[in-house]
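For reference, protein39.cif is printed below; it contains mmCIF, C-alpha atoms.
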```
data_coords
#
loop_
_atom_site.group_PDB
_atom_site.id
_atom_site.type_symbol
_atom_site.label_atom_id
_atom_site.label_comp_id
_atom_site.auth_asym_id
_atom_site.auth_seq_id
_atom_site.Cartn_x
_atom_site.Cartn_y
_atom_site.Cartn_z
ATOM 1 C CA MET Y 978 -132.622 -109.129 -29.251
ATOM 2 C CA PHE Y 979 -128.973 -110.151 -28.960
ATOM 3 C CA ASP Y 980 -128.443 -109.427 -25.258
ATOM 4 C CA VAL Y 981 -127.332 -113.002 -24.601
ATOM 5 C CA ILE Y 982 -124.405 -112.582 -27.024
ATOM 6 C CA GLN Y 983 -123.747 -108.849 -26.642
ATOM 7 C CA SER Y 984 -120.260 -109.378 -25.243
ATOM 8 C CA ASP Y 985 -119.532 -111.726 -28.157
ATOM 9 C CA LEU Y 986 -120.669 -109.068 -30.622
ATOM 10 C CA ASP Y 987 -118.491 -106.453 -28.918
ATOM 11 C CA GLU Y 988 -115.471 -108.697 -29.477
ATOM 12 C CA LEU Y 989 -116.604 -109.331 -33.033
ATOM 13 C CA ASN Y 990 -116.707 -105.597 -33.794
ATOM 14 C CA GLU Y 991 -113.177 -105.177 -32.507
ATOM 15 C CA GLY Y 992 -112.055 -108.206 -34.470
ATOM 16 C CA LEU Y 993 -113.533 -106.876 -37.701
ATOM 17 C CA ILE Y 994 -111.394 -103.749 -37.523
ATOM 18 C CA GLY Y 995 -108.313 -105.872 -37.009
ATOM 19 C CA ALA Y 996 -109.321 -108.250 -39.795
ATOM 20 C CA VAL Y 997 -109.342 -105.508 -42.449
ATOM 21 C CA SER Y 998 -106.308 -103.628 -41.189
ATOM 22 C CA SER Y 999 -103.527 -103.063 -43.683
ATOM 23 C CA PRO Y 1000 -100.155 -101.292 -43.696
ATOM 24 C CA VAL Y 1001 -101.395 -99.512 -46.830
ATOM 25 C CA GLU Y 1002 -103.115 -96.396 -45.496
ATOM 26 C CA LEU Y 1003 -105.854 -96.156 -48.137
ATOM 27 C CA VAL Y 1004 -106.760 -99.858 -47.861
ATOM 28 C CA ASN Y 1005 -106.921 -99.506 -44.096
ATOM 29 C CA GLU Y 1006 -109.092 -96.374 -44.381
ATOM 30 C CA VAL Y 1007 -111.570 -97.980 -46.782
ATOM 31 C CA GLY Y 1008 -111.758 -101.216 -44.812
ATOM 32 C CA THR Y 1009 -112.334 -99.424 -41.515
ATOM 33 C CA HIS Y 1010 -115.027 -97.236 -43.092
ATOM 34 C CA LEU Y 1011 -116.854 -100.309 -44.390
ATOM 35 C CA VAL Y 1012 -116.838 -102.372 -41.186
ATOM 36 C CA THR Y 1013 -117.747 -99.448 -38.930
ATOM 37 C CA ALA Y 1014 -120.557 -98.021 -41.094
ATOM 38 C CA GLY Y 1015 -123.281 -99.686 -39.052
ATOM 39 C CA GLY Y 1016 -125.363 -102.722 -39.800
ATOM 40 C CA LYS Y 1017 -127.407 -105.087 -37.688
ATOM 41 C CA ARG Y 1018 -124.776 -107.869 -37.616
ATOM 42 C CA ILE Y 1019 -127.561 -110.420 -38.072
ATOM 43 C CA ARG Y 1020 -125.380 -112.926 -39.920
ATOM 44 C CA PRO Y 1021 -122.581 -113.271 -37.367
ATOM 45 C CA ALA Y 1022 -125.140 -113.014 -34.546
ATOM 46 C CA LEU Y 1023 -127.029 -116.027 -35.912
ATOM 47 C CA CYS Y 1024 -123.755 -117.930 -36.138
ATOM 48 C CA LEU Y 1025 -122.850 -117.036 -32.539
ATOM 49 C CA LEU Y 1026 -126.325 -117.904 -31.237
ATOM 50 C CA ALA Y 1027 -126.271 -121.295 -32.948
ATOM 51 C CA ALA Y 1028 -122.779 -122.007 -31.630
ATOM 52 C CA ARG Y 1029 -123.726 -121.006 -28.082
ATOM 53 C CA GLY Y 1030 -126.544 -123.549 -28.212
ATOM 54 C CA GLY Y 1031 -124.037 -126.385 -28.642
ATOM 55 C CA SER Y 1032 -122.221 -128.493 -26.074
ATOM 56 C CA SER Y 1033 -118.702 -127.527 -27.159
ATOM 57 C CA PHE Y 1034 -119.041 -123.758 -27.569
ATOM 58 C CA SER Y 1035 -115.801 -121.800 -27.590
ATOM 59 C CA LEU Y 1036 -115.854 -118.108 -28.455
ATOM 60 C CA GLU Y 1037 -112.215 -118.284 -29.490
ATOM 61 C CA LYS Y 1038 -113.096 -121.059 -31.937
ATOM 62 C CA VAL Y 1039 -116.260 -119.564 -33.456
ATOM 63 C CA LEU Y 1040 -115.310 -115.869 -33.565
ATOM 64 C CA PRO Y 1041 -113.136 -116.041 -36.734
ATOM 65 C CA LEU Y 1042 -116.025 -117.789 -38.521
ATOM 66 C CA ALA Y 1043 -118.504 -115.124 -37.378
ATOM 67 C CA GLU Y 1044 -116.118 -112.375 -38.486
ATOM 68 C CA ALA Y 1045 -115.627 -114.046 -41.854
ATOM 69 C CA LEU Y 1046 -119.384 -114.241 -42.412
ATOM 70 C CA GLU Y 1047 -119.764 -110.515 -41.749
ATOM 71 C CA LEU Y 1048 -116.826 -109.722 -44.026
ATOM 72 C CA ILE Y 1049 -118.332 -111.787 -46.856
ATOM 73 C CA HIS Y 1050 -121.578 -109.849 -46.384
ATOM 74 C CA THR Y 1051 -119.727 -106.531 -46.357
ATOM 75 C CA ALA Y 1052 -117.739 -107.360 -49.485
ATOM 76 C CA SER Y 1053 -120.879 -108.419 -51.344
ATOM 77 C CA LEU Y 1054 -122.573 -105.117 -50.422
ATOM 78 C CA VAL Y 1055 -119.578 -103.146 -51.704
ATOM 79 C CA HIS Y 1056 -119.894 -104.867 -55.067
ATOM 80 C CA ASP Y 1057 -123.700 -104.448 -55.042
ATOM 81 C CA ASP Y 1058 -123.318 -100.714 -54.496
ATOM 82 C CA VAL Y 1059 -121.022 -100.408 -57.495
ATOM 83 C CA ILE Y 1060 -123.468 -102.367 -59.676
ATOM 84 C CA ASP Y 1061 -126.410 -100.288 -58.404
ATOM 85 C CA GLU Y 1062 -124.470 -96.993 -58.542
ATOM 86 C CA ALA Y 1063 -125.657 -96.428 -54.970
ATOM 87 C CA ASP Y 1064 -124.510 -93.339 -53.085
ATOM 88 C CA THR Y 1065 -125.560 -94.318 -49.566
ATOM 89 C CA ARG Y 1066 -125.734 -97.480 -47.503
ATOM 90 C CA ARG Y 1067 -127.009 -97.544 -43.907
ATOM 91 C CA GLY Y 1068 -127.181 -93.757 -44.129
ATOM 92 C CA GLU Y 1069 -123.439 -93.492 -44.859
ATOM 93 C CA PRO Y 1070 -121.605 -92.830 -48.144
ATOM 94 C CA THR Y 1071 -120.821 -95.995 -50.081
ATOM 95 C CA ALA Y 1072 -117.212 -96.825 -50.940
ATOM 96 C CA ASN Y 1073 -117.837 -96.058 -54.605
ATOM 97 C CA ALA Y 1074 -119.311 -92.657 -53.706
ATOM 98 C CA LYS Y 1075 -116.610 -91.794 -51.173
ATOM 99 C CA TRP Y 1076 -113.725 -92.972 -53.366
ATOM 100 C CA ASP Y 1077 -114.507 -94.458 -56.797
ATOM 101 C CA ASN Y 1078 -115.678 -97.680 -58.446
ATOM 102 C CA GLN Y 1079 -112.212 -99.106 -58.951
ATOM 103 C CA ILE Y 1080 -111.197 -98.646 -55.332
ATOM 104 C CA ALA Y 1081 -114.566 -99.999 -54.165
ATOM 105 C CA ILE Y 1082 -114.335 -103.165 -56.282
ATOM 106 C CA LEU Y 1083 -110.761 -103.878 -55.255
ATOM 107 C CA SER Y 1084 -111.631 -103.188 -51.614
ATOM 108 C CA GLY Y 1085 -114.466 -105.688 -51.852
ATOM 109 C CA ASP Y 1086 -112.020 -108.237 -53.280
ATOM 110 C CA TYR Y 1087 -109.602 -107.500 -50.431
ATOM 111 C CA ILE Y 1088 -112.324 -108.057 -47.842
ATOM 112 C CA PHE Y 1089 -113.349 -111.359 -49.472
ATOM 113 C CA ALA Y 1090 -109.709 -112.447 -49.255
ATOM 114 C CA ARG Y 1091 -109.483 -111.447 -45.601
ATOM 115 C CA ALA Y 1092 -112.634 -113.468 -44.865
ATOM 116 C CA PHE Y 1093 -111.206 -116.645 -46.341
ATOM 117 C CA ALA Y 1094 -107.892 -116.041 -44.587
ATOM 118 C CA LEU Y 1095 -109.799 -116.111 -41.283
ATOM 119 C CA ILE Y 1096 -111.402 -119.418 -42.270
ATOM 120 C CA ALA Y 1097 -108.034 -120.924 -43.198
ATOM 121 C CA GLU Y 1098 -106.509 -119.747 -39.935
ATOM 122 C CA GLY Y 1099 -109.473 -121.106 -37.959
ATOM 123 C CA GLY Y 1100 -108.862 -124.650 -39.162
ATOM 124 C CA TYR Y 1101 -112.564 -125.446 -39.614
ATOM 125 C CA GLY Y 1102 -112.067 -128.223 -42.140
ATOM 126 C CA ASP Y 1103 -113.142 -128.887 -45.691
ATOM 127 C CA TYR Y 1104 -116.919 -128.804 -45.150
ATOM 128 C CA VAL Y 1105 -116.985 -125.243 -43.774
ATOM 129 C CA SER Y 1106 -114.718 -123.990 -46.560
ATOM 130 C CA LYS Y 1107 -116.871 -125.781 -49.147
ATOM 131 C CA ARG Y 1108 -120.093 -124.264 -47.809
ATOM 132 C CA LEU Y 1109 -118.624 -120.759 -47.768
ATOM 133 C CA ALA Y 1110 -117.369 -121.177 -51.333
ATOM 134 C CA GLU Y 1111 -120.896 -122.272 -52.301
ATOM 135 C CA LEU Y 1112 -122.244 -119.207 -50.528
ATOM 136 C CA VAL Y 1113 -120.088 -116.759 -52.478
ATOM 137 C CA GLY Y 1114 -120.963 -118.626 -55.663
ATOM 138 C CA ASN Y 1115 -124.684 -118.395 -54.911
ATOM 139 C CA LEU Y 1116 -124.406 -114.686 -54.090
ATOM 140 C CA SER Y 1117 -122.855 -114.179 -57.500
ATOM 141 C CA VAL Y 1118 -125.465 -116.350 -59.250
ATOM 142 C CA GLY Y 1119 -128.241 -114.403 -57.523
ATOM 143 C CA GLU Y 1120 -126.777 -111.166 -58.809
ATOM 144 C CA ILE Y 1121 -126.432 -112.624 -62.314
ATOM 145 C CA ILE Y 1122 -130.076 -113.739 -62.287
ATOM 146 C CA GLN Y 1123 -131.089 -110.269 -61.141
ATOM 147 C CA ASP Y 1124 -128.887 -108.506 -63.672
ATOM 148 C CA HIS Y 1125 -130.228 -110.704 -66.465
ATOM 149 C CA THR Y 1126 -133.775 -109.492 -65.798
ATOM 150 C CA VAL Y 1127 -133.234 -105.792 -65.041
ATOM 151 C CA TYR Y 1128 -135.577 -103.403 -66.833
ATOM 152 C CA GLN Y 1129 -137.861 -106.297 -67.728
ATOM 153 C CA ALA Y 1130 -141.474 -106.582 -66.604
ATOM 154 C CA VAL Y 1131 -140.897 -110.040 -65.123
ATOM 155 C CA ARG Y 1132 -144.115 -111.575 -63.820
ATOM 156 C CA ASP Y 1133 -142.608 -114.940 -62.835
ATOM 157 C CA LEU Y 1134 -142.623 -115.567 -59.072
ATOM 158 C CA ASP Y 1135 -140.276 -118.566 -59.349
ATOM 159 C CA ASN Y 1136 -137.554 -116.326 -60.738
ATOM 160 C CA TYR Y 1137 -138.033 -113.923 -57.837
ATOM 161 C CA TYR Y 1138 -137.926 -116.630 -55.151
ATOM 162 C CA GLU Y 1139 -134.822 -118.232 -56.662
ATOM 163 C CA ARG Y 1140 -133.096 -114.855 -56.736
ATOM 164 C CA ILE Y 1141 -133.794 -113.965 -53.107
ATOM 165 C CA GLN Y 1142 -132.897 -117.462 -51.957
ATOM 166 C CA LYS Y 1143 -129.448 -117.173 -53.500
ATOM 167 C CA LYS Y 1144 -128.937 -113.526 -52.481
ATOM 168 C CA THR Y 1145 -130.196 -113.728 -48.890
ATOM 169 C CA ALA Y 1146 -131.752 -116.961 -47.627
ATOM 170 C CA ASP Y 1147 -128.794 -119.223 -48.445
ATOM 171 C CA PHE Y 1148 -126.565 -116.846 -46.460
ATOM 172 C CA LEU Y 1149 -128.628 -116.911 -43.265
ATOM 173 C CA GLU Y 1150 -129.077 -120.668 -43.598
ATOM 174 C CA ILE Y 1151 -125.315 -121.168 -43.723
ATOM 175 C CA CYS Y 1152 -124.751 -118.836 -40.752
ATOM 176 C CA CYS Y 1153 -127.015 -120.994 -38.598
ATOM 177 C CA GLU Y 1154 -125.729 -124.291 -39.950
ATOM 178 C CA LEU Y 1155 -122.028 -123.555 -39.568
ATOM 179 C CA GLY Y 1156 -122.505 -121.992 -36.135
ATOM 180 C CA GLY Y 1157 -124.287 -125.153 -35.014
ATOM 181 C CA ILE Y 1158 -121.523 -127.365 -36.400
ATOM 182 C CA VAL Y 1159 -118.686 -125.420 -34.786
ATOM 183 C CA GLY Y 1160 -120.607 -125.183 -31.490
ATOM 184 C CA GLY Y 1161 -121.250 -128.915 -31.355
ATOM 185 C CA LEU Y 1162 -125.014 -128.989 -31.839
ATOM 186 C CA PRO Y 1163 -126.568 -132.396 -32.639
ATOM 187 C CA GLU Y 1164 -126.975 -132.984 -36.361
ATOM 188 C CA GLU Y 1165 -130.787 -132.831 -36.243
ATOM 189 C CA ASP Y 1166 -130.787 -129.534 -34.336
ATOM 190 C CA THR Y 1167 -128.257 -128.099 -36.799
ATOM 191 C CA ARG Y 1168 -130.531 -129.123 -39.668
ATOM 192 C CA LYS Y 1169 -133.501 -127.423 -37.989
ATOM 193 C CA LEU Y 1170 -131.540 -124.223 -37.454
ATOM 194 C CA ALA Y 1171 -130.493 -124.283 -41.105
ATOM 195 C CA GLU Y 1172 -134.202 -124.446 -42.017
ATOM 196 C CA TYR Y 1173 -134.824 -121.576 -39.598
ATOM 197 C CA GLY Y 1174 -132.095 -119.532 -41.301
ATOM 198 C CA HIS Y 1175 -133.524 -120.226 -44.754
ATOM 199 C CA CYS Y 1176 -137.003 -119.111 -43.704
ATOM 200 C CA ILE Y 1177 -135.971 -115.905 -41.956
ATOM 201 C CA GLY Y 1178 -133.734 -115.124 -44.940
ATOM 202 C CA MET Y 1179 -136.653 -115.367 -47.344
ATOM 203 C CA ALA Y 1180 -138.777 -113.257 -44.984
ATOM 204 C CA PHE Y 1181 -135.964 -110.725 -44.495
ATOM 205 C CA GLN Y 1182 -135.584 -110.081 -48.219
ATOM 206 C CA ILE Y 1183 -139.325 -109.890 -48.840
ATOM 207 C CA THR Y 1184 -139.607 -107.406 -45.974
ATOM 208 C CA ASP Y 1185 -136.693 -105.414 -47.395
ATOM 209 C CA ASP Y 1186 -138.497 -105.243 -50.722
ATOM 210 C CA VAL Y 1187 -141.677 -104.042 -48.996
ATOM 211 C CA LEU Y 1188 -139.744 -101.314 -47.170
ATOM 212 C CA ASP Y 1189 -138.322 -100.107 -50.483
ATOM 213 C CA ILE Y 1190 -141.921 -99.530 -51.609
ATOM 214 C CA MET Y 1191 -143.443 -98.114 -48.423
ATOM 215 C CA GLN Y 1192 -140.820 -96.258 -46.386
ATOM 216 C CA THR Y 1193 -138.910 -93.009 -46.811
ATOM 217 C CA SER Y 1194 -135.257 -92.633 -47.724
ATOM 218 C CA GLU Y 1195 -134.527 -91.402 -44.195
ATOM 219 C CA GLN Y 1196 -136.047 -94.515 -42.636
ATOM 220 C CA ILE Y 1197 -134.238 -97.108 -44.733
ATOM 221 C CA GLY Y 1198 -130.965 -95.243 -45.257
ATOM 222 C CA LYS Y 1199 -131.081 -95.431 -49.062
ATOM 223 C CA PRO Y 1200 -133.270 -93.907 -51.789
ATOM 224 C CA VAL Y 1201 -136.896 -95.084 -51.619
ATOM 225 C CA GLY Y 1202 -138.032 -96.899 -54.745
ATOM 226 C CA ASN Y 1203 -134.411 -97.716 -55.503
ATOM 227 C CA ASP Y 1204 -135.250 -101.207 -56.777
ATOM 228 C CA ILE Y 1205 -137.687 -99.804 -59.334
ATOM 229 C CA ARG Y 1206 -135.172 -97.129 -60.315
ATOM 230 C CA GLN Y 1207 -132.605 -99.885 -60.912
ATOM 231 C CA GLY Y 1208 -135.068 -101.905 -62.978
ATOM 232 C CA ILE Y 1209 -135.410 -104.617 -60.340
ATOM 233 C CA VAL Y 1210 -138.907 -106.043 -59.924
ATOM 234 C CA THR Y 1211 -139.711 -107.320 -56.436
ATOM 235 C CA LEU Y 1212 -142.667 -109.228 -55.012
ATOM 236 C CA PRO Y 1213 -145.087 -106.270 -54.592
ATOM 237 C CA VAL Y 1214 -144.232 -105.044 -58.093
ATOM 238 C CA ILE Y 1215 -144.671 -108.496 -59.637
ATOM 239 C CA TYR Y 1216 -148.063 -108.724 -57.956
ATOM 240 C CA ALA Y 1217 -149.066 -105.323 -59.353
ATOM 241 C CA LEU Y 1218 -147.854 -106.313 -62.818
ATOM 242 C CA ASN Y 1219 -150.205 -109.292 -62.652
ATOM 243 C CA VAL Y 1220 -153.335 -107.659 -61.179
ATOM 244 C CA SER Y 1221 -153.303 -103.864 -61.519
ATOM 245 C CA SER Y 1222 -155.537 -102.112 -64.017
ATOM 246 C CA ASP Y 1223 -152.485 -99.908 -64.602
ATOM 247 C CA ALA Y 1224 -150.196 -102.886 -65.180
ATOM 248 C CA GLU Y 1225 -149.198 -101.815 -68.689
ATOM 249 C CA GLU Y 1226 -148.250 -98.344 -67.491
ATOM 250 C CA LEU Y 1227 -146.230 -99.910 -64.677
ATOM 251 C CA ALA Y 1228 -144.549 -102.240 -67.175
ATOM 252 C CA SER Y 1229 -143.596 -99.296 -69.377
ATOM 253 C CA ILE Y 1230 -141.976 -97.585 -66.383
ATOM 254 C CA VAL Y 1231 -139.989 -100.522 -64.983
ATOM 255 C CA THR Y 1232 -138.615 -101.323 -68.453
ATOM 256 C CA ASP Y 1233 -137.344 -97.784 -69.068
ATOM 257 C CA PRO Y 1234 -133.659 -97.351 -68.094
ATOM 258 C CA GLU Y 1235 -134.106 -93.581 -68.404
ATOM 259 C CA MET Y 1236 -137.026 -93.348 -65.963
ATOM 260 C CA SER Y 1237 -137.383 -90.014 -64.196
ATOM 261 C CA ASN Y 1238 -138.076 -89.467 -60.509
ATOM 262 C CA GLU Y 1239 -141.672 -88.704 -61.447
ATOM 263 C CA MET Y 1240 -141.932 -92.077 -63.178
ATOM 264 C CA VAL Y 1241 -140.539 -93.829 -60.102
ATOM 265 C CA GLN Y 1242 -143.118 -92.093 -57.925
ATOM 266 C CA ARG Y 1243 -145.889 -93.070 -60.331
ATOM 267 C CA ALA Y 1244 -144.743 -96.697 -60.241
ATOM 268 C CA LEU Y 1245 -144.752 -96.619 -56.439
ATOM 269 C CA THR Y 1246 -148.292 -95.211 -56.478
ATOM 270 C CA ILE Y 1247 -149.515 -97.975 -58.801
ATOM 271 C CA VAL Y 1248 -147.987 -100.676 -56.608
ATOM 272 C CA ARG Y 1249 -149.332 -99.113 -53.400
ATOM 273 C CA GLU Y 1250 -152.839 -99.008 -54.847
ATOM 274 C CA THR Y 1251 -152.890 -102.808 -55.137
ATOM 275 C CA ASP Y 1252 -152.763 -105.443 -52.396
ATOM 276 C CA GLY Y 1253 -149.172 -106.215 -53.370
ATOM 277 C CA VAL Y 1254 -147.644 -104.976 -50.143
ATOM 278 C CA GLU Y 1255 -150.188 -106.884 -48.032
ATOM 279 C CA MET Y 1256 -149.609 -110.027 -50.116
ATOM 280 C CA ALA Y 1257 -145.844 -109.730 -49.651
ATOM 281 C CA LYS Y 1258 -146.184 -109.159 -45.904
ATOM 282 C CA SER Y 1259 -148.408 -112.230 -45.677
ATOM 283 C CA LYS Y 1260 -145.802 -114.323 -47.489
ATOM 284 C CA ALA Y 1261 -143.092 -113.051 -45.162
ATOM 285 C CA ASP Y 1262 -145.259 -113.956 -42.164
ATOM 286 C CA GLU Y 1263 -145.641 -117.495 -43.520
ATOM 287 C CA TYR Y 1264 -141.884 -117.895 -43.678
ATOM 288 C CA LEU Y 1265 -141.470 -116.440 -40.186
ATOM 289 C CA GLU Y 1266 -143.961 -118.879 -38.718
ATOM 290 C CA ARG Y 1267 -142.104 -121.747 -40.380
ATOM 291 C CA ALA Y 1268 -138.908 -120.373 -38.866
ATOM 292 C CA ARG Y 1269 -140.369 -120.271 -35.360
ATOM 293 C CA GLN Y 1270 -141.594 -123.838 -35.708
ATOM 294 C CA ALA Y 1271 -138.124 -124.991 -36.778
ATOM 295 C CA ILE Y 1272 -136.291 -123.707 -33.676
ATOM 296 C CA PRO Y 1273 -134.988 -126.794 -31.809
ATOM 297 C CA VAL Y 1274 -136.761 -127.349 -28.500
ATOM 298 C CA ASN Y 1275 -133.533 -128.566 -26.853
ATOM 299 C CA LEU Y 1276 -131.740 -125.224 -27.084
ATOM 300 C CA PRO Y 1277 -131.069 -123.316 -23.840
ATOM 301 C CA ALA Y 1278 -134.075 -121.108 -23.079
ATOM 302 C CA GLU Y 1279 -132.238 -117.804 -23.566
ATOM 303 C CA ILE Y 1280 -130.829 -118.937 -26.924
ATOM 304 C CA ARG Y 1281 -134.188 -120.199 -28.124
ATOM 305 C CA GLU Y 1282 -135.836 -116.923 -27.068
ATOM 306 C CA ALA Y 1283 -133.197 -114.939 -28.979
ATOM 307 C CA PHE Y 1284 -134.009 -116.880 -32.151
ATOM 308 C CA VAL Y 1285 -137.706 -116.115 -31.606
ATOM 309 C CA GLN Y 1286 -136.912 -112.428 -31.149
ATOM 310 C CA VAL Y 1287 -134.931 -112.332 -34.403
ATOM 311 C CA ALA Y 1288 -137.979 -113.668 -36.260
ATOM 312 C CA ASP Y 1289 -140.184 -111.125 -34.496
ATOM 313 C CA PHE Y 1290 -137.786 -108.311 -35.368
ATOM 314 C CA ILE Y 1291 -137.827 -109.219 -39.051
ATOM 315 C CA GLY Y 1292 -141.620 -109.238 -39.045
ATOM 316 C CA ASP Y 1293 -141.859 -105.889 -37.281
ATOM 317 C CA ARG Y 1294 -138.910 -103.938 -38.678
ATOM 318 C CA ASP Y 1295 -139.442 -100.639 -40.439
ATOM 319 C CA PHE Y 1296 -135.840 -99.883 -41.487
#
```

In structure tokens, write the structure found in this file.
Amino acid sequence: MFDVIQSDLDELNEGLIGAVSSPVELVNEVGTHLVTAGGKRIRPALCLLAARGGSSFSLEKVLPLAEALELIHTASLVHDDVIDEADTRRGEPTANAKWDNQIAILSGDYIFARAFALIAEGGYGDYVSKRLAELVGNLSVGEIIQDHTVYQAVRDLDNYYERIQKKTADFLEICCELGGIVGGLPEEDTRKLAEYGHCIGMAFQITDDVLDIMQTSEQIGKPVGNDIRQGIVTLPVIYALNVSSDAEELASIVTDPEMSNEMVQRALTIVRETDGVEMAKSKADEYLERARQAIPVNLPAEIREAFVQVADFIGDRDF
């Protein structure tokens, strides 16, 4: 999928280790653990692809931006794991599980700081800094919206779509937009790639929510049904709450902070017995088709094909 930028990604991975390095041994250990714990690198890859489509691409110029985007993502996940009391991420122990909540939170703060240091050093100008500040703000707002509705049988789709836009879609949109700007893409093509990023972001999160319902813990690298266990209602669950004959039983489960594993499994069964998963997959496919249509026709063929493959991957992924 990212063959055309594989050498760029190799440099990015090396740069990430350097970006979180610290003379303080524990900080260095935590940072290295976090940036080497796997991940698909979709956010920096989108930035690099967009930049490579432009007329003034320079890897030296765009790489600090791509690294900063991945660090912002990493830091946000560290904080998410503390909030969710998660033990694993990408099949590896989370920072809060491996150390403790205090070290995890402060490590996330450190990584945020390192990300914005890269942006300052890169000299990208006020607009890039402003957009990244908006991004971190929106990530926080998305979490606040989610936290405000935990253990509630929310049936409102608008609330769900706003939450996933701020938590995921805004991020991928900005990756594409800023990569296009730094790479020298025409304004109209940058706008189209931003639309592409928004659409695959919405589809990515919907697909993630489907996987949490349908896959096993081994496949997705975290406990299955974790959203339900955390009191978070996602698109398939909202659908079931609206149409299932067992909707009231489901509502009683998702609103119970003390739910047992048996209750989680029962909730999963209720959701799986509806068309909620199929409905969610259909919605994700709609977004992916919009994304494919938004890809600028003037991009180099190999870059355009890579963007198509990213959309295909999101539609087909099972982890």

- [ ] Taking the file above as input, evaluate the PyMOL selection byres ((chain Y and resi 1070-1083) around 8) and report the hits as a ChimeraX atom specification.
- [x] /Y:1007,1011,1055-1056,1058-1059,1062-1066,1068-1069,1084-1087

Y:Met1240, Y:Val1131, Y:Ile1151, Y:Ala1268: which is nearest Asn1219 in chain Y, counting all atoms listed in the file?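 Nearest candidate to Asn1219 in chain Y out of Y:Met1240, Y:Val1131, Y:Ile1151, Y:Ala1268: Y:Val1131.
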
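Considering all atoms listed in the file, the residue among Y:Gly992, Y:Gly1208, Y:Gly1292, Y:Gly1102 positioned nearest to Asp1262 in chain Y is Y:Gly1292.
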
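Remark: for Thr1211 in chain Y, the closest of the candidate residues Y:Ala1180, Y:Ile1291, Y:Ile1141, Y:Cys1152 is Y:Ile1141 (distances computed over all atoms listed in the file).
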
Restricting to only C-alpha atoms, whichever of Y:Met1191, Y:Leu1046, Y:Ile1019, Y:Ala1090 is closest to Arg1108 in chain Y is Y:Leu1046

Discussion item. Can you translate the PyMOL selection byres ((chain Y and resi 1013) around 10) into the concrete residues it hits in this file, as a ChimeraX atom specification?
Written reply: /Y:990-991,993-994,1008-1012,1014-1016
